[in-house]
$ cat data.txt   # compact mmCIF, C-alpha atoms and all ligand atoms
# COMPACT_ATOMS: atom_id res chain seq x y z
CA MET J 18 7.68 12.45 -17.59
CA SER J 19 7.01 15.59 -19.50
CA VAL J 20 3.91 17.65 -18.92
CA GLN J 21 1.47 16.97 -21.74
CA ASN J 22 0.37 19.44 -24.40
CA LYS J 23 -3.01 21.01 -23.69
CA LYS J 24 -6.11 19.43 -25.25
CA ASP J 25 -9.86 20.03 -25.18
CA LYS J 26 -10.67 16.59 -23.95
CA TYR J 27 -8.83 14.16 -21.70
CA ARG J 28 -9.41 10.48 -21.13
CA ILE J 29 -8.66 9.55 -17.54
CA ALA J 30 -8.63 5.95 -16.33
CA VAL J 31 -10.01 5.46 -12.83
CA VAL J 32 -9.37 2.62 -10.41
CA ALA J 33 -11.35 3.69 -7.34
CA GLY J 34 -10.45 0.44 -5.59
CA ASP J 35 -11.31 -0.63 -2.07
CA GLY J 36 -12.49 0.74 1.26
CA ILE J 37 -12.53 4.53 1.27
CA GLY J 38 -11.07 4.54 -2.27
CA PRO J 39 -14.42 4.98 -4.06
CA GLU J 40 -15.60 7.53 -1.45
CA VAL J 41 -12.63 9.88 -1.87
CA ILE J 42 -12.30 9.33 -5.62
CA GLU J 43 -15.87 10.47 -6.18
CA GLU J 44 -15.00 13.85 -4.64
CA ALA J 45 -11.73 14.04 -6.59
CA ARG J 46 -13.55 13.41 -9.87
CA LEU J 47 -16.08 16.15 -9.25
CA THR J 48 -13.40 18.71 -8.40
CA VAL J 49 -11.11 17.70 -11.29
CA GLU J 50 -14.02 17.95 -13.73
CA ALA J 51 -15.11 21.38 -12.46
CA ALA J 52 -11.55 22.71 -12.44
CA ALA J 53 -10.79 21.42 -15.96
CA SER J 54 -13.89 23.18 -17.27
CA LEU J 55 -12.29 26.49 -16.19
CA GLU J 56 -9.84 25.91 -19.03
CA SER J 57 -12.61 24.62 -21.33
CA ALA J 58 -11.33 21.07 -21.04
CA SER J 59 -13.63 18.11 -20.59
CA ILE J 60 -12.86 14.80 -18.97
CA GLU J 61 -13.95 11.35 -20.09
CA TRP J 62 -13.60 8.91 -17.21
CA ILE J 63 -12.85 5.28 -17.95
CA ASP J 64 -13.76 3.22 -14.91
CA TYR J 65 -12.10 -0.02 -13.91
CA PRO J 66 -13.49 -2.27 -11.17
CA PHE J 67 -10.17 -3.72 -9.99
CA GLY J 68 -9.34 -4.12 -6.35
CA ALA J 69 -9.51 -6.64 -3.52
CA ALA J 70 -13.32 -6.75 -3.65
CA HIS J 71 -13.33 -7.48 -7.39
CA TYR J 72 -10.67 -10.15 -6.87
CA LEU J 73 -12.80 -11.85 -4.21
CA GLU J 74 -15.89 -11.73 -6.37
CA LYS J 75 -14.46 -12.54 -9.80
CA ASN J 76 -11.05 -14.06 -9.05
CA GLU J 77 -9.54 -11.54 -11.43
CA ILE J 78 -6.66 -9.23 -10.50
CA LEU J 79 -5.74 -7.02 -13.45
CA PRO J 80 -6.00 -8.46 -16.95
CA GLU J 81 -3.38 -7.58 -19.56
CA THR J 82 -6.10 -6.24 -21.87
CA ALA J 83 -7.12 -3.68 -19.25
CA LEU J 84 -3.48 -2.70 -18.71
CA ALA J 85 -3.03 -2.15 -22.43
CA GLU J 86 -6.20 -0.05 -22.54
CA MET J 87 -5.10 2.03 -19.56
CA GLY J 88 -1.89 2.80 -21.41
CA GLU J 89 -3.96 4.71 -23.98
CA ALA J 90 -5.41 7.08 -21.36
CA ASP J 91 -3.97 10.51 -20.58
CA ALA J 92 -3.55 9.65 -16.91
CA LEU J 93 -4.85 7.33 -14.22
CA LEU J 94 -6.54 8.27 -10.97
CA LEU J 95 -6.44 5.61 -8.24
CA GLY J 96 -8.12 5.46 -4.84
CA ALA J 97 -6.70 2.64 -2.76
CA ILE J 98 -6.13 -1.09 -3.11
CA GLY J 99 -6.30 -3.63 -0.29
CA SER J 100 -8.70 -5.22 2.14
CA PRO J 101 -8.48 -7.21 5.38
CA GLN J 102 -10.49 -9.92 3.57
CA VAL J 103 -7.74 -10.65 1.07
CA LYS J 104 -4.23 -11.82 1.89
CA SER J 105 -1.99 -8.79 2.21
CA GLY J 106 0.12 -8.25 -0.88
CA ILE J 107 -2.02 -10.00 -3.46
CA PRO J 108 -4.07 -7.06 -4.73
CA GLU J 109 -1.45 -4.50 -3.71
CA ARG J 110 1.28 -6.17 -5.79
CA GLY J 111 -1.10 -7.44 -8.47
CA ILE J 112 -2.70 -4.06 -9.18
CA LEU J 113 -1.00 -1.05 -7.61
CA LEU J 114 2.63 -2.14 -7.93
CA LYS J 115 1.92 -3.83 -11.25
CA ILE J 116 0.73 -0.52 -12.70
CA ARG J 117 3.76 1.33 -11.28
CA PHE J 118 6.14 -1.25 -12.78
CA VAL J 119 4.47 -1.91 -16.15
CA PHE J 120 4.30 1.81 -16.93
CA ASP J 121 7.75 2.35 -15.40
CA GLN J 122 6.46 5.10 -13.11
CA TYR J 123 9.85 5.59 -11.56
CA ILE J 124 9.08 8.79 -9.69
CA ASN J 125 6.85 8.74 -6.64
CA LEU J 126 6.27 12.37 -5.76
CA ARG J 127 4.79 12.95 -2.32
CA PRO J 128 4.59 16.56 -1.17
CA ALA J 129 4.04 17.12 2.56
CA LYS J 130 2.58 20.55 3.07
CA SER J 131 0.73 21.80 6.12
CA LEU J 132 -2.66 23.44 5.49
CA PRO J 133 -4.36 26.50 6.97
CA ASN J 134 -5.96 25.93 10.40
CA VAL J 135 -5.23 22.21 10.28
CA PRO J 136 -3.77 21.08 13.61
CA THR J 137 -0.42 19.31 13.50
CA PRO J 138 0.84 16.90 16.16
CA VAL J 139 4.10 18.85 16.47
CA PRO J 140 3.46 22.60 16.72
CA LEU J 141 4.78 24.51 13.72
CA ASP J 142 4.65 27.89 15.51
CA GLY J 143 2.74 29.54 12.70
CA LYS J 144 5.21 28.37 10.05
CA THR J 145 4.31 26.21 7.05
CA MET J 146 5.70 22.75 6.61
CA ASP J 147 6.68 22.34 2.97
CA SER J 148 8.72 19.27 2.27
CA VAL J 149 8.64 16.67 -0.46
CA VAL J 150 9.50 13.00 -0.58
CA ILE J 151 10.94 11.95 -3.92
CA ARG J 152 10.77 8.21 -3.80
CA GLU J 153 12.35 5.82 -6.27
CA ASN J 154 9.32 3.79 -7.30
CA THR J 155 10.42 0.65 -9.16
CA GLU J 156 13.31 -1.01 -7.30
CA ASP J 157 14.75 -1.70 -3.82
CA LEU J 158 12.85 -4.21 -1.68
CA TYR J 159 9.88 -3.90 -4.03
CA MET J 160 11.45 -5.92 -6.86
CA GLY J 161 9.49 -9.01 -5.89
CA LEU J 162 12.56 -11.23 -5.78
CA GLY J 163 12.36 -14.00 -3.25
CA GLY J 164 10.13 -16.56 -1.68
CA ILE J 165 9.42 -18.76 1.29
CA TYR J 166 11.18 -22.07 1.94
CA ASP J 167 8.90 -24.59 3.65
CA GLY J 168 11.53 -26.37 5.77
CA ILE J 169 10.25 -29.74 4.53
CA SER J 170 12.58 -30.58 1.62
CA ASP J 171 16.37 -30.96 1.75
CA GLY J 172 17.28 -27.50 3.00
CA SER J 173 17.88 -26.05 -0.43
CA PHE J 174 15.81 -23.28 -1.91
CA GLU J 175 15.92 -21.84 -5.36
CA THR J 176 13.82 -19.23 -7.04
CA ALA J 177 14.12 -17.98 -10.58
CA LEU J 178 14.64 -14.31 -11.22
CA ASP J 179 12.86 -13.19 -14.31
CA LEU J 180 11.61 -9.67 -14.47
CA GLU J 181 11.32 -6.67 -16.68
CA ARG J 182 11.79 -3.08 -15.70
CA GLY J 183 11.84 0.02 -17.84
CA GLY J 184 15.28 0.00 -19.38
CA TYR J 185 16.47 -3.44 -18.29
CA SER J 186 15.54 -7.03 -17.67
CA LEU J 187 16.87 -9.23 -14.91
CA ARG J 188 17.33 -12.99 -15.23
CA GLY J 189 19.00 -15.62 -13.10
CA LYS J 190 18.35 -17.45 -9.90
CA LEU J 191 18.65 -17.04 -6.19
CA SER J 192 19.94 -20.26 -4.69
CA LEU J 193 20.35 -20.90 -0.97
CA SER J 194 20.76 -23.87 1.31
CA ILE J 195 20.15 -23.83 5.04
CA SER J 196 21.51 -26.01 7.84
CA PRO J 197 19.97 -27.04 10.17
CA ASN J 198 16.89 -27.40 8.05
CA MET J 199 14.11 -24.94 8.92
CA PRO J 200 11.64 -22.72 7.13
CA PHE J 201 12.82 -19.27 6.09
CA ALA J 202 11.80 -16.39 3.90
CA VAL J 203 14.02 -14.36 1.64
CA GLN J 204 13.27 -11.12 -0.16
CA ALA J 205 16.07 -9.56 -2.13
CA ALA J 206 16.43 -5.84 -2.77
CA LEU J 207 18.14 -4.36 -5.77
CA ASN J 208 19.03 -0.85 -6.89
CA THR J 209 20.52 -0.19 -10.32
CA SER J 210 22.55 2.73 -11.62
CA LEU J 211 19.75 3.46 -14.11
CA GLY J 212 17.15 3.54 -11.33
CA VAL J 213 19.14 5.69 -8.92
CA GLU J 214 20.44 8.08 -11.57
CA ARG J 215 17.05 8.96 -13.01
CA ILE J 216 15.38 9.56 -9.64
CA THR J 217 18.35 11.64 -8.52
CA ARG J 218 18.07 13.82 -11.61
CA TYR J 219 14.39 14.40 -10.86
CA ALA J 220 15.21 15.25 -7.22
CA CYS J 221 17.85 17.76 -8.38
CA ARG J 222 15.46 19.42 -10.81
CA THR J 223 12.84 19.62 -8.05
CA THR J 224 15.35 21.14 -5.62
CA ILE J 225 16.26 23.81 -8.17
CA ALA J 226 12.60 24.48 -9.07
CA ARG J 227 11.82 24.96 -5.37
CA GLY J 228 14.61 27.54 -5.15
CA GLU J 229 16.52 25.41 -2.67
CA GLY J 230 20.24 24.74 -2.71
CA LYS J 231 20.31 21.41 -0.97
CA LEU J 232 18.68 18.00 -0.86
CA ALA J 233 18.96 15.13 1.60
CA ILE J 234 19.77 11.60 0.48
CA VAL J 235 17.92 9.25 2.82
CA THR J 236 20.06 6.20 3.44
CA LYS J 237 20.94 3.31 5.68
CA SER J 238 24.40 2.64 4.33
CA ASN J 239 25.65 1.86 7.83
CA ALA J 240 23.62 -1.37 8.01
CA ALA J 241 23.21 -2.20 4.32
CA PRO J 242 26.33 -0.75 2.69
CA ALA J 243 25.90 -2.60 -0.59
CA LEU J 244 22.30 -1.67 -1.29
CA TYR J 245 22.15 1.79 0.26
CA GLY J 246 25.85 2.64 -0.01
CA PHE J 247 25.38 2.14 -3.76
CA PHE J 248 22.26 4.31 -3.77
CA GLU J 249 24.07 7.03 -1.84
CA ASP J 250 27.26 6.97 -3.93
CA THR J 251 25.37 6.91 -7.23
CA ALA J 252 23.17 9.81 -6.14
CA LYS J 253 26.19 11.85 -4.99
CA ARG J 254 27.98 11.25 -8.30
CA VAL J 255 24.97 12.42 -10.33
CA ILE J 256 24.51 15.51 -8.18
CA GLU J 257 28.18 16.51 -8.26
CA THR J 258 28.72 15.91 -11.95
CA GLU J 259 25.38 17.01 -13.40
CA TYR J 260 23.92 19.50 -10.89
CA PRO J 261 26.92 21.20 -9.26
CA SER J 262 24.72 24.00 -7.89
CA VAL J 263 22.86 21.47 -5.70
CA LYS J 264 24.45 20.52 -2.39
CA TRP J 265 23.68 17.20 -0.76
CA GLU J 266 23.64 15.81 2.73
CA THR J 267 23.05 12.22 3.75
CA VAL J 268 20.83 11.22 6.62
CA ASN J 269 20.23 7.73 7.95
CA VAL J 270 16.53 6.95 7.80
CA ASP J 271 16.33 6.19 11.53
CA ALA J 272 17.89 9.52 12.48
CA LEU J 273 15.69 11.26 9.91
CA CYS J 274 12.56 10.03 11.70
CA TYR J 275 13.98 11.35 14.98
CA HIS J 276 14.85 14.75 13.50
CA LEU J 277 11.49 15.08 11.76
CA VAL J 278 9.38 14.61 14.88
CA ARG J 279 11.56 17.15 16.70
CA ASP J 280 11.43 19.62 13.81
CA PRO J 281 9.08 18.90 10.87
CA LEU J 282 10.58 21.91 9.04
CA ALA J 283 14.11 20.50 9.13
CA TYR J 284 14.11 19.13 5.57
CA GLY J 285 13.04 20.18 2.09
CA VAL J 286 13.65 17.60 -0.63
CA LEU J 287 14.11 14.05 0.65
CA LEU J 288 15.54 11.69 -1.98
CA CYS J 289 14.58 8.18 -0.87
CA PRO J 290 15.00 4.60 -1.99
CA ASN J 291 11.63 2.92 -2.48
CA LEU J 292 11.06 1.40 0.98
CA PHE J 293 12.23 4.38 3.02
CA GLY J 294 10.20 6.69 0.80
CA ASP J 295 7.09 4.67 1.56
CA ILE J 296 7.65 4.86 5.31
CA VAL J 297 8.87 8.45 5.50
CA SER J 298 5.95 9.71 3.42
CA ASP J 299 3.46 8.42 6.02
CA LEU J 300 5.46 10.11 8.78
CA GLN J 301 5.51 13.34 6.79
CA ALA J 302 1.76 13.03 6.15
CA GLY J 303 1.15 12.75 9.88
CA LEU J 304 3.38 15.71 10.68
CA ALA J 305 1.72 17.89 8.06
CA GLY J 306 -1.77 17.29 9.48
CA GLY J 307 -3.00 13.87 8.45
CA MET J 308 -3.05 11.00 5.99
CA GLY J 309 -6.26 12.31 4.51
CA ALA J 310 -4.47 15.34 3.10
CA ALA J 311 -1.35 13.72 1.64
CA ALA J 312 -1.36 13.72 -2.17
CA GLY J 313 0.85 11.68 -4.43
CA ALA J 314 1.85 11.08 -8.03
CA ASN J 315 3.52 8.13 -9.75
CA ILE J 316 5.21 9.60 -12.77
CA GLY J 317 6.88 7.93 -15.71
CA ASP J 318 7.52 8.65 -19.36
CA GLY J 319 4.24 6.96 -20.35
CA LEU J 320 1.05 6.67 -18.33
CA SER J 321 1.30 8.40 -14.94
CA MET J 322 -0.90 7.54 -11.97
CA PHE J 323 -2.21 9.92 -9.33
CA GLU J 324 -3.24 8.60 -5.93
CA PRO J 325 -3.37 9.67 -2.32
CA VAL J 326 -0.56 8.41 -0.07
CA HIS J 327 -3.09 6.64 2.15
CA GLY J 328 -4.64 3.21 1.75
CA SER J 329 -8.16 1.85 1.88
CA ALA J 330 -8.55 2.67 5.60
CA PRO J 331 -10.87 -0.27 6.42
CA ASP J 332 -11.27 1.12 9.95
CA ILE J 333 -13.34 4.07 8.66
CA ALA J 334 -14.62 2.80 5.28
CA GLY J 335 -18.36 3.29 4.87
CA THR J 336 -18.65 5.66 7.85
CA GLY J 337 -18.39 8.89 5.86
CA ARG J 338 -15.40 9.89 7.98
CA ALA J 339 -12.81 9.67 5.20
CA ASN J 340 -11.07 12.91 4.37
CA PRO J 341 -11.13 13.40 0.57
CA ILE J 342 -8.52 16.20 0.54
CA ALA J 343 -5.61 13.86 -0.29
CA ALA J 344 -7.51 12.50 -3.30
CA ILE J 345 -8.61 15.99 -4.35
CA LEU J 346 -5.04 17.31 -4.14
CA SER J 347 -3.85 14.26 -6.08
CA GLY J 348 -6.37 15.40 -8.69
CA ALA J 349 -4.60 18.77 -8.70
CA LEU J 350 -1.29 17.01 -9.38
CA LEU J 351 -3.03 15.16 -12.23
CA LEU J 352 -4.31 18.42 -13.73
CA ARG J 353 -0.84 19.95 -13.51
CA HIS J 354 0.56 16.89 -15.28
CA LEU J 355 -1.99 17.37 -18.09
CA GLY J 356 -0.75 20.93 -18.52
CA LEU J 357 -3.91 22.41 -16.96
CA GLU J 358 -2.00 24.67 -14.59
CA LYS J 359 -4.85 27.10 -13.92
CA SER J 360 -7.21 24.25 -13.09
CA ALA J 361 -4.65 22.72 -10.74
CA ASP J 362 -4.14 26.09 -9.03
CA ALA J 363 -7.93 26.46 -8.70
CA VAL J 364 -8.22 23.11 -6.88
CA GLU J 365 -5.38 23.93 -4.49
CA LYS J 366 -6.80 27.40 -3.88
CA ALA J 367 -10.25 25.97 -3.21
CA VAL J 368 -8.84 23.55 -0.62
CA ARG J 369 -6.96 26.33 1.12
CA GLY J 370 -9.94 28.68 0.86
CA TYR J 371 -12.26 26.13 2.44
CA LEU J 372 -9.86 25.50 5.32
CA SER J 373 -9.09 29.19 5.81
CA SER J 374 -12.67 30.33 5.99
CA SER J 375 -14.71 27.46 7.45
CA PRO J 376 -15.48 27.01 11.13
CA GLY J 377 -13.73 24.03 12.74
CA SER J 378 -17.07 22.23 12.94
CA GLU J 379 -17.08 22.09 9.13
CA PHE J 380 -13.66 20.48 8.93
CA PRO J 381 -13.16 16.79 8.09
CA PHE J 382 -13.41 14.40 11.04
CA GLU J 383 -9.69 13.78 10.74
CA PHE J 384 -9.03 17.44 11.53
CA GLY J 385 -11.41 17.48 14.48
CA GLY J 386 -14.52 18.64 12.60
CA GLY J 387 -17.83 17.02 11.79
CA PHE J 388 -18.02 17.22 7.99
CA SER J 389 -18.40 13.97 6.06
CA CYS J 390 -16.40 13.03 3.00
CA ARG J 391 -19.29 14.20 0.80
CA GLU J 392 -19.65 17.52 2.67
CA VAL J 393 -15.92 18.29 2.53
CA GLY J 394 -15.88 17.52 -1.20
CA GLY J 395 -18.95 19.72 -1.70
CA ALA J 396 -17.44 22.63 0.25
CA ILE J 397 -14.29 22.50 -1.91
CA LEU J 398 -16.24 22.03 -5.16
CA LYS J 399 -18.32 25.13 -4.37
CA ARG J 400 -15.14 27.23 -4.33
CA ILE J 401 -13.89 26.12 -7.76
P1 LIG J 501 -4.17 3.34 5.57
O1 LIG J 501 -3.46 4.47 4.95
O2 LIG J 501 -5.30 2.79 4.83
O3 LIG J 501 -4.68 3.78 7.02
C1 LIG J 501 -3.82 4.24 8.06
C2 LIG J 501 -4.62 5.12 9.03
O4 LIG J 501 -4.89 6.38 8.40
C3 LIG J 501 -5.96 4.53 9.41
O5 LIG J 501 -6.23 4.82 10.75
C4 LIG J 501 -6.94 5.28 8.52
O6 LIG J 501 -8.25 5.40 9.06
C5 LIG J 501 -6.27 6.63 8.38
N1 LIG J 501 -6.61 7.25 7.09
C6 LIG J 501 -6.14 6.87 5.88
N2 LIG J 501 -6.70 7.61 4.93
C7 LIG J 501 -7.53 8.48 5.53
C8 LIG J 501 -8.40 9.51 5.05
N3 LIG J 501 -8.52 9.80 3.75
N4 LIG J 501 -9.15 10.19 5.96
C9 LIG J 501 -9.03 9.93 7.27
N5 LIG J 501 -8.22 8.98 7.78
C10 LIG J 501 -7.48 8.26 6.91
O7 LIG J 501 -3.05 2.23 5.87
P2 LIG J 501 -3.21 0.68 6.32
O8 LIG J 501 -4.22 0.58 7.40
O9 LIG J 501 -1.83 0.22 6.54
O10 LIG J 501 -3.73 -0.06 5.02
C11 LIG J 501 -5.07 -0.46 4.77
C12 LIG J 501 -5.09 -1.18 3.43
O11 LIG J 501 -4.73 -0.27 2.37
C13 LIG J 501 -4.07 -2.33 3.32
O12 LIG J 501 -4.68 -3.33 2.55
C14 LIG J 501 -2.90 -1.72 2.58
O13 LIG J 501 -2.13 -2.66 1.90
C15 LIG J 501 -3.61 -0.79 1.63
N6 LIG J 501 -2.84 0.36 1.17
C16 LIG J 501 -3.03 0.73 -0.13
C17 LIG J 501 -2.41 1.86 -0.61
C18 LIG J 501 -2.68 2.25 -2.01
O14 LIG J 501 -3.51 1.66 -2.69
N7 LIG J 501 -2.03 3.26 -2.54
C19 LIG J 501 -1.61 2.63 0.22
C20 LIG J 501 -1.42 2.23 1.55
C21 LIG J 501 -2.05 1.09 2.01
C1 LIG J 502 1.88 3.20 -0.80
C2 LIG J 502 1.49 1.84 -0.28
C3 LIG J 502 2.04 0.75 -1.17
C4 LIG J 502 3.57 0.86 -1.16
C5 LIG J 502 1.58 -0.66 -0.77
C6 LIG J 502 0.08 -0.75 -0.73
C7 LIG J 502 2.16 -1.73 -1.63
O1 LIG J 502 1.90 1.71 1.04
O2 LIG J 502 1.52 3.52 -1.94
O3 LIG J 502 2.48 3.97 -0.05
O4 LIG J 502 4.22 0.28 -0.28
O5 LIG J 502 4.11 1.52 -2.04
MN MN J 503 2.65 3.53 1.93

$ encode --input "data.txt" --output "structure tokens"
Amino acid sequence: MSVQNKKDKYRIAVVAGDGIGPEVIEEARLTVEAAASLESASIEWIDYPFGAAHYLEKNEILPETALAEMGEADALLLGAIGSPQVKSGIPERGILLKIRFVFDQYINLRPAKSLPNVPTPVPLDGKTMDSVVIRENTEDLYMGLGGIYDGISDGSFETALDLERGGYSLRGKLSLSISPNMPFAVQAALNTSLGVERITRYACRTTIARGEGKLAIVTKSNAAPALYGFFEDTAKRVIETEYPSVKWETVNVDALCYHLVRDPLAYGVLLCPNLFGDIVSDLQAGLAGGMGAAAGANIGDGLSMFEPVHGSAPDIAGTGRANPIAAILSGALLLRHLGLEKSADAVEKAVRGYLSSSPGSEFPFEFGGGFSCREVGGAILKRI
């Protein structure tokens, strides 16, 4: 999880992926490269073709050899995985989640920050929204435990549990029988002390680094007291015993959504279990101005992956209407992770400079302007 020592040359793996992925990643690459050169660092990109399209064409998801090779890179930049032409979940789990789990990228960092002159759906009255979702990234409903019972056999269903996570392995079986006999689906969620403790520590360090005294634990312990009561209690224990200067509050995820649309400035650090973090980060992205500006990082002790919060946006893919700012700002998070602080600052400054000084007509489509993905990328690149 540590920031790397500075080098002259970095090897960055790239999975541009599907839909608008390749469009926005192209702009992110150009800006990352230009910014790194400010600190005399060069980038060698290692491209991988994986995604839904590659799966359709070659029937290949993500080979182990490629995973091993990726592990040798300094970081990974990813666009988006998924397509309406492939059954939902196959490439997403087989590539995106696989990478998160194999490299034990347990932190999903998703800042939600409003940008100059970018309209927000809830007026901010001239103030800046500056919140961050810290999402546990390896557990919860994402474990992949479960299956579908067809309703045809004798009413009993069994599935083997056999998985590896950073720091533990889980073996056993989930065994159920239903009466009267009918099809059902089951998907089990699991949070461990190891998983909750480490993400809580990161959330506490982030709270302190942001100069804030309090974080919010996002929960749903009223409906799922085992799963989320455990998350909440474990988080509270870590905060109280290890970070006594940090205060905590709990907020049920449903109420959080209500509070956020009434007042997007109501929260700073939001410590979330995996599923709620996924959902709340899209809400936050919308409140801060748009999906096309929401950057993200998947951080672990080994290879970390940088990717926008958004997906492949098949509704606008190929139209030039994709906003590359989320990918570009994810590139800034990547540079910061590599220890190239000045380069990261330069990218963020260029984005803000472009938005502060350009007429609305030169804004991305998403922000009401008429600039294409390429033109937005070019306008930002020019300022680096
Ligand atoms: P999405 O994020 O792709 O799109 C949601 C909405 O936001 C769409 O209207 C889209 O046009 C808009 N949008 C997203 N990015 C934008 C950008 N850069 N500029 C302008 N508008 C943008 O979510 P979805 O529609 O639920 O998912 C589409 C596919 O992407 C699915 O296959 C899904 O599984 C996958 N997905 C992948 C990732 C990932 O790889 N990290 C993340 C989310 C969804
Ligand atoms: C995200 C995405 C993924 C997630 C999907 C594509 C599996 O929505 O990165 O936010 O749920 O984590
Ligand atoms: Mn999501």

$ atom_distance --input "data.txt" --atom1 "atom C1 of ligand LIG 501 (chain J)" --atom2 "atom CA of J:Leu346"
17.9 Å

$ closest_residue --input "data.txt" --among "J:Cys289, J:Val139, J:Ala177, J:Leu398" --to "J:Gly370" --atoms "only C-alpha atoms"
J:Leu398

$ residues_around --input "data.txt" --residues "J:Leu351" --least-positions-apart "5" --cutoff "9 Å" --atoms "all atoms listed in the file" --output "NGL selection string"
:J and (49 or 92-94 or 314 or 321-323 or 346 or 356-357 or 361)

$ write_last_selection --input "data.txt" --atoms "C-alpha atoms" --output "PDB file, in the coordinates of the input"
ATOM      1  CA  VAL J  49     -11.110  17.700 -11.290  1.00  0.00           C
ATOM      2  CA  ALA J  92      -3.550   9.650 -16.910  1.00  0.00           C
ATOM      3  CA  LEU J  93      -4.850   7.330 -14.220  1.00  0.00           C
ATOM      4  CA  LEU J  94      -6.540   8.270 -10.970  1.00  0.00           C
ATOM      5  CA  ALA J 314       1.850  11.080  -8.030  1.00  0.00           C
ATOM      6  CA  SER J 321       1.300   8.400 -14.940  1.00  0.00           C
ATOM      7  CA  MET J 322      -0.900   7.540 -11.970  1.00  0.00           C
ATOM      8  CA  PHE J 323      -2.210   9.920  -9.330  1.00  0.00           C
ATOM      9  CA  LEU J 346      -5.040  17.310  -4.140  1.00  0.00           C
ATOM     10  CA  GLY J 356      -0.750  20.930 -18.520  1.00  0.00           C
ATOM     11  CA  LEU J 357      -3.910  22.410 -16.960  1.00  0.00           C
ATOM     12  CA  ALA J 361      -4.650  22.720 -10.740  1.00  0.00           C
TER      13      ALA J 361
END

$ closest_residue --input "data.txt" --among "J:Glu56, J:Glu74, J:Glu365, J:Glu266" --to "J:Leu232" --atoms "all atoms listed in the file"
J:Glu266

$ residues_near_ligand --input "data.txt" --ligand "ligand LIG 502 (chain J)" --cutoff "8 Å" --atoms "only C-alpha atoms and all ligand atoms" --output "ChimeraX atom specification"
/J:97-99,106,109-110,113-114,154,159,291-292,295-296,298-299,325-328

$ closest_residue --input "data.txt" --among "J:Arg46, J:Lys75, J:Lys399, J:Arg152" --to "ligand MN 503 (chain J)" --atoms "all atoms listed in the file"
J:Arg152

$ residues_around --input "data.txt" --residues "J:Gly143" --least-positions-apart "4" --cutoff "12 Å" --atoms "all atoms listed in the file" --output "number ranges by chain"
J: 131-137, 139, 282

$ residues_around --input "data.txt" --residues "J:Val364" --least-positions-apart "4" --cutoff "9 Å" --atoms "only C-alpha atoms" --output "PyMOL selection string"
chain J and resi 48-49+52+345-346+348-349+359-360+368-369+397-398+400-401

$ residues_around --input "data.txt" --residues "J:Ser173" --least-positions-apart "2" --cutoff "6 Å" --atoms "only C-alpha atoms" --output "MDAnalysis selection string"
chainID J and resid 171 193:194

$ residues_around --input "data.txt" --residues "J:Ala70" --least-positions-apart "2" --cutoff "10 Å" --atoms "only C-alpha atoms" --output "PyMOL selection string"
chain J and resi 34-36+66-68+72-78+98-100+102-103+108

$ write_last_selection --input "data.txt" --atoms "C-alpha atoms" --output "CSV table (one decimal), in the coordinates of the input"
chain,number,residue,atom,x,y,z
J,34,GLY,CA,-10.4,0.4,-5.6
J,35,ASP,CA,-11.3,-0.6,-2.1
J,36,GLY,CA,-12.5,0.7,1.3
J,66,PRO,CA,-13.5,-2.3,-11.2
J,67,PHE,CA,-10.2,-3.7,-10.0
J,68,GLY,CA,-9.3,-4.1,-6.4
J,72,TYR,CA,-10.7,-10.2,-6.9
J,73,LEU,CA,-12.8,-11.8,-4.2
J,74,GLU,CA,-15.9,-11.7,-6.4
J,75,LYS,CA,-14.5,-12.5,-9.8
J,76,ASN,CA,-11.0,-14.1,-9.0
J,77,GLU,CA,-9.5,-11.5,-11.4
J,78,ILE,CA,-6.7,-9.2,-10.5
J,98,ILE,CA,-6.1,-1.1,-3.1
J,99,GLY,CA,-6.3,-3.6,-0.3
J,100,SER,CA,-8.7,-5.2,2.1
J,102,GLN,CA,-10.5,-9.9,3.6
J,103,VAL,CA,-7.7,-10.6,1.1
J,108,PRO,CA,-4.1,-7.1,-4.7

$ atom_distance --input "data.txt" --atom1 "atom O14 of ligand LIG 501 (chain J)" --atom2 "atom CA of J:Asn125"
13.2 Å

$ atom_distance --input "data.txt" --atom1 "atom CA of J:Val268" --atom2 "atom CA of J:Asp142"
24.9 Å

$ closest_residue --input "data.txt" --among "J:Pro140, J:Gly96, J:Gly212, J:Pro242" --to "J:Val255" --atoms "all atoms listed in the file"
J:Gly212

$ closest_residue --input "data.txt" --among "J:Pro261, J:Pro197, J:Gly294, J:Pro101" --to "ligand MN 503 (chain J)" --atoms "all atoms listed in the file"
J:Gly294

$ axis_aligned_box --input "data.txt" --around "ligand LIG 501 (chain J)" --padding-each-side "5 Å" --output "JSON"
{"center_x": -5.3, "center_y": 3.4, "center_z": 4.0, "size_x": 17.7, "size_y": 23.5, "size_z": 23.4}

$ residues_near_point --input "data.txt" --point "(19.2, 26.5, -4.1)" --cutoff "12 Å" --atoms "all atoms listed in the file" --output "list in words"
Cys221, Arg222, Thr223, Thr224, Ile225, Ala226, Arg227, Gly228, Glu229, Gly230, Lys231, Leu232, Tyr260, Pro261, Ser262, Val263, Lys264, Trp265, Gly285 and Val286 of chain J
